[in-house]
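Undergrad: Can you read through this structure? Questions will come right after.
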Amino acid sequence: MNSVRLSLLCAVAALVSACSTPFCNAPGGLCAPGSSNTSAAPPLPPPARPAPLPKPPPEPTPPPAETFAVTLPGMAAAAPAAAAQTPPRAVDEAAQPSNAPIRMALLLPLRSESLGQAASSVRAGFLAAWERDRDNITVTVIETGDVPQDVLASYARAQQEDDLIIGPLARSAVAAIAASPLTQKPTITLNYPEGHGQPGAAPLPPSMLAMGLSIEEEARQAAQWAAADHPGSTAMVLSTSTPWQRRVAAAFAAQWQRQGLPVKQVELSAPDGYLSDPELVQLRARLRDDLPGLLFSAMGADQTRQLRAALGDNVNSEPANPIFSTADALPPPPAPAPAGPLRALPVYGTSALNAGSGNNSPTQELDGVRLLDLPWQIQRDHPAVMVYPHPPQPGSADLERLYALGIDAYRVAREIARHPVGRFHLDGVTGRLTIDFGQGASSFERVEQSAVVKNGVPKPVTPP
């Protein structure tokens, strides 16, 4: 038995040593080590890839963006005529793609002691509008002081690094930039240089648009409104010697005269901010002798309340309790003339007559007074006003107006950044805006909301 086993082992060894298959050690070769004689069934072929879906047809190129003003109640009939007068916005070949990144610089005097709080309100409104509609836009806030050279240096850097600049806010800084050769990229200033819009004033650079809040422009719009209400009437303009009141009075008087209407101007003394009682008595007598068609108050709310009281029964030319000597047997003074015609005199004014929510007098001294103000202040159901947040800590009426300016400044900047050339309309929180940019000298127009005071609160109305 052992010899048989030995013979079998010798035969196997001889067979292995005699293998001569080419690529014996190659995979799949006859002598390949470790491969099994028995293999699994070949794998199934992978499922056929589904045919790709046909590409959708290309979307049509969207028309250039255009924003239209919302027609206010009572103006539906005038809307077709206004639309016919304003041509649609032309195709802007320089328009940016709707998703192209845009860099904006917001240049504000945040380090200024006098304008820092105002600048903060503008910044808050601007960033609130940006947060709501970023549109692939980045905003860099650049802080400056009051010195024009500081503003010019910051503005020059922004020209190199950003696509569009918003600011500055100070009138002197705007004038410095407008007079410099730096303005190459679109710039939206938040104020007007001194004398802007007056005859002989230097024009702004073509790439600069000024869209500040102007109380003088409110006075001009008040003159147009009053002339439509009282055609052919004489207006009496009342102010004190305060510089801003003189500017407002001059703006109204100039616009009134441009309409071919007579105007009289009266400047009252105001020691310690209160109108002089003797001068109010003289004014009352003058109005009795020569009654104008209307009054325009270039003053603030408190002084206009004094004026209205003087036109009523509260101010008389005689003491309230006169003392007569029985020995003199003097007759009692004559009864004062009825104050009805004076009290009924129409009074027009500006937003200076609206002290803001919570600050208006609950009394009725200003009831019936007509004024202009921003929708942000007097039209809380305005479509644009409702979609933007209000400041968490409301400030004065003027700071609220600057916050609204910041909102509209971003909306105008965004539209110009996307469509650098053309004319467009915007129903803004500061009024109905019309902007023409990139076609020579730029132009900006704001029509503010008309209102009449009722129970101490301005209520929006539609002018004729």
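Identifiers in this document derive from the order of the structure tokens: chains are assigned A, B, ..., residues are numbered from 1 separately in each chain, and ligands are numbered from 1 in order of occurrence.
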Can you tell me which residues surround Pro292 (chain A) at a distance of at most 7 Å, considering only C-alpha atoms, apart from same-chain residues fewer than 5 positions away, and format the answer as a PDB file with all heavy atoms, in the first residue's frame?
TA:
ATOM      1  N   THR A 234     -55.299 136.222  -3.880  1.00  0.00           N
ATOM      2  CA  THR A 234     -54.081 136.775  -3.298  1.00  0.00           C
ATOM      3  C   THR A 234     -53.675 135.912  -2.108  1.00  0.00           C
ATOM      4  O   THR A 234     -54.522 135.536  -1.294  1.00  0.00           O
ATOM      5  CB  THR A 234     -54.298 138.218  -2.833  1.00  0.00           C
ATOM      6  OG1 THR A 234     -54.649 139.029  -3.953  1.00  0.00           O
ATOM      7  CG2 THR A 234     -53.046 138.778  -2.166  1.00  0.00           C
ATOM      8  N   ALA A 235     -52.389 135.583  -2.015  1.00  0.00           N
ATOM      9  CA  ALA A 235     -51.880 134.795  -0.892  1.00  0.00           C
ATOM     10  C   ALA A 235     -51.061 135.680   0.024  1.00  0.00           C
ATOM     11  O   ALA A 235     -50.294 136.532  -0.438  1.00  0.00           O
ATOM     12  CB  ALA A 235     -51.030 133.635  -1.398  1.00  0.00           C
ATOM     13  N   MET A 236     -51.222 135.479   1.337  1.00  0.00           N
ATOM     14  CA  MET A 236     -50.368 136.143   2.310  1.00  0.00           C
ATOM     15  C   MET A 236     -49.455 135.083   2.923  1.00  0.00           C
ATOM     16  O   MET A 236     -49.934 134.068   3.454  1.00  0.00           O
ATOM     17  CB  MET A 236     -51.187 136.831   3.404  1.00  0.00           C
ATOM     18  CG  MET A 236     -50.313 137.474   4.479  1.00  0.00           C
ATOM     19  SD  MET A 236     -51.251 138.389   5.738  1.00  0.00           S
ATOM     20  CE  MET A 236     -51.685 139.864   4.804  1.00  0.00           C
TER      21      MET A 236
END
Undergrad: Using DSSP secondary structure from the backbone, list all strand (DSSP E or B) positions within region 192-302 of chain A, as a PyMOL selection string.
TA: chain A and resi 208-210+235-239+263-267+294-297
Undergrad: Would you mind exporting the chosen residues as a PDB file, in the first residue's frame, restricted to N, CA and C atoms?
TA:
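This went into selection.pdb:
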ATOM      1  N   MET A 208     -24.659 112.086 -11.556  1.00  0.00           N
ATOM      2  CA  MET A 208     -25.117 112.368 -10.194  1.00  0.00           C
ATOM      3  C   MET A 208     -26.612 112.663 -10.183  1.00  0.00           C
ATOM      4  N   LEU A 209     -27.320 112.029  -9.245  1.00  0.00           N
ATOM      5  CA  LEU A 209     -28.751 112.254  -9.034  1.00  0.00           C
ATOM      6  C   LEU A 209     -28.947 112.712  -7.601  1.00  0.00           C
ATOM      7  N   ALA A 210     -29.600 113.849  -7.399  1.00  0.00           N
ATOM      8  CA  ALA A 210     -29.883 114.378  -6.060  1.00  0.00           C
ATOM      9  C   ALA A 210     -31.333 114.079  -5.709  1.00  0.00           C
ATOM     10  N   ALA A 235     -52.389 135.583  -2.015  1.00  0.00           N
ATOM     11  CA  ALA A 235     -51.880 134.795  -0.892  1.00  0.00           C
ATOM     12  C   ALA A 235     -51.061 135.680   0.024  1.00  0.00           C
ATOM     13  N   MET A 236     -51.222 135.479   1.337  1.00  0.00           N
ATOM     14  CA  MET A 236     -50.368 136.143   2.310  1.00  0.00           C
ATOM     15  C   MET A 236     -49.455 135.083   2.923  1.00  0.00           C
ATOM     16  N   VAL A 237     -48.134 135.312   2.856  1.00  0.00           N
ATOM     17  CA  VAL A 237     -47.132 134.362   3.345  1.00  0.00           C
ATOM     18  C   VAL A 237     -46.615 134.867   4.681  1.00  0.00           C
ATOM     19  N   LEU A 238     -46.663 134.013   5.707  1.00  0.00           N
ATOM     20  CA  LEU A 238     -46.268 134.383   7.060  1.00  0.00           C
ATOM     21  C   LEU A 238     -45.073 133.548   7.495  1.00  0.00           C
ATOM     22  N   SER A 239     -44.073 134.210   8.071  1.00  0.00           N
ATOM     23  CA  SER A 239     -42.883 133.520   8.562  1.00  0.00           C
ATOM     24  C   SER A 239     -42.265 134.352   9.672  1.00  0.00           C
ATOM     25  N   VAL A 263     -49.019 138.217  -4.299  1.00  0.00           N
ATOM     26  CA  VAL A 263     -48.631 137.660  -3.014  1.00  0.00           C
ATOM     27  C   VAL A 263     -48.156 138.780  -2.099  1.00  0.00           C
ATOM     28  N   LYS A 264     -48.427 138.619  -0.793  1.00  0.00           N
ATOM     29  CA  LYS A 264     -47.949 139.552   0.229  1.00  0.00           C
ATOM     30  C   LYS A 264     -47.179 138.743   1.263  1.00  0.00           C
ATOM     31  N   GLN A 265     -46.042 139.273   1.705  1.00  0.00           N
ATOM     32  CA  GLN A 265     -45.226 138.581   2.687  1.00  0.00           C
ATOM     33  C   GLN A 265     -45.149 139.375   3.981  1.00  0.00           C
ATOM     34  N   VAL A 266     -45.312 138.672   5.110  1.00  0.00           N
ATOM     35  CA  VAL A 266     -45.263 139.279   6.442  1.00  0.00           C
ATOM     36  C   VAL A 266     -44.310 138.452   7.285  1.00  0.00           C
ATOM     37  N   GLU A 267     -43.311 139.135   7.874  1.00  0.00           N
ATOM     38  CA  GLU A 267     -42.366 138.475   8.776  1.00  0.00           C
ATOM     39  C   GLU A 267     -42.656 138.919  10.198  1.00  0.00           C
ATOM     40  N   LEU A 294     -56.088 133.502   0.947  1.00  0.00           N
ATOM     41  CA  LEU A 294     -55.575 132.377   1.732  1.00  0.00           C
ATOM     42  C   LEU A 294     -54.301 132.810   2.434  1.00  0.00           C
ATOM     43  N   LEU A 295     -53.900 132.010   3.411  1.00  0.00           N
ATOM     44  CA  LEU A 295     -52.649 132.213   4.124  1.00  0.00           C
ATOM     45  C   LEU A 295     -51.734 131.016   3.892  1.00  0.00           C
ATOM     46  N   PHE A 296     -50.438 131.279   3.823  1.00  0.00           N
ATOM     47  CA  PHE A 296     -49.451 130.200   3.808  1.00  0.00           C
ATOM     48  C   PHE A 296     -48.539 130.400   5.005  1.00  0.00           C
ATOM     49  N   SER A 297     -48.480 129.391   5.872  1.00  0.00           N
ATOM     50  CA  SER A 297     -47.628 129.451   7.048  1.00  0.00           C
ATOM     51  C   SER A 297     -46.315 128.747   6.745  1.00  0.00           C
TER      52      SER A 297
END
Undergrad: Using only C-alpha atoms, which residues sit within 7 Å of Ala270 (chain A) once same-chain residues fewer than 5 positions away are excluded, as a PyMOL selection string?
TA: chain A and resi 240+275-276
Undergrad: Counting only C-alpha atoms, which of A:Thr183, A:Ser154, A:Thr189, A:Thr138 gets nearest to Pro168 (chain A)?
TA: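 The answer is A:Thr189, which sits nearest to Pro168 (chain A).
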Undergrad: Let's see if you can do this: from backbone DSSP, list all helix (DSSP H, G or I) residues in region 221-407 of chain A, as a PyMOL selection string.
TA: chain A and resi 221-229+243-258+271-273+277-289+301-311+340-343+351-353+375-378+383-387+397-407
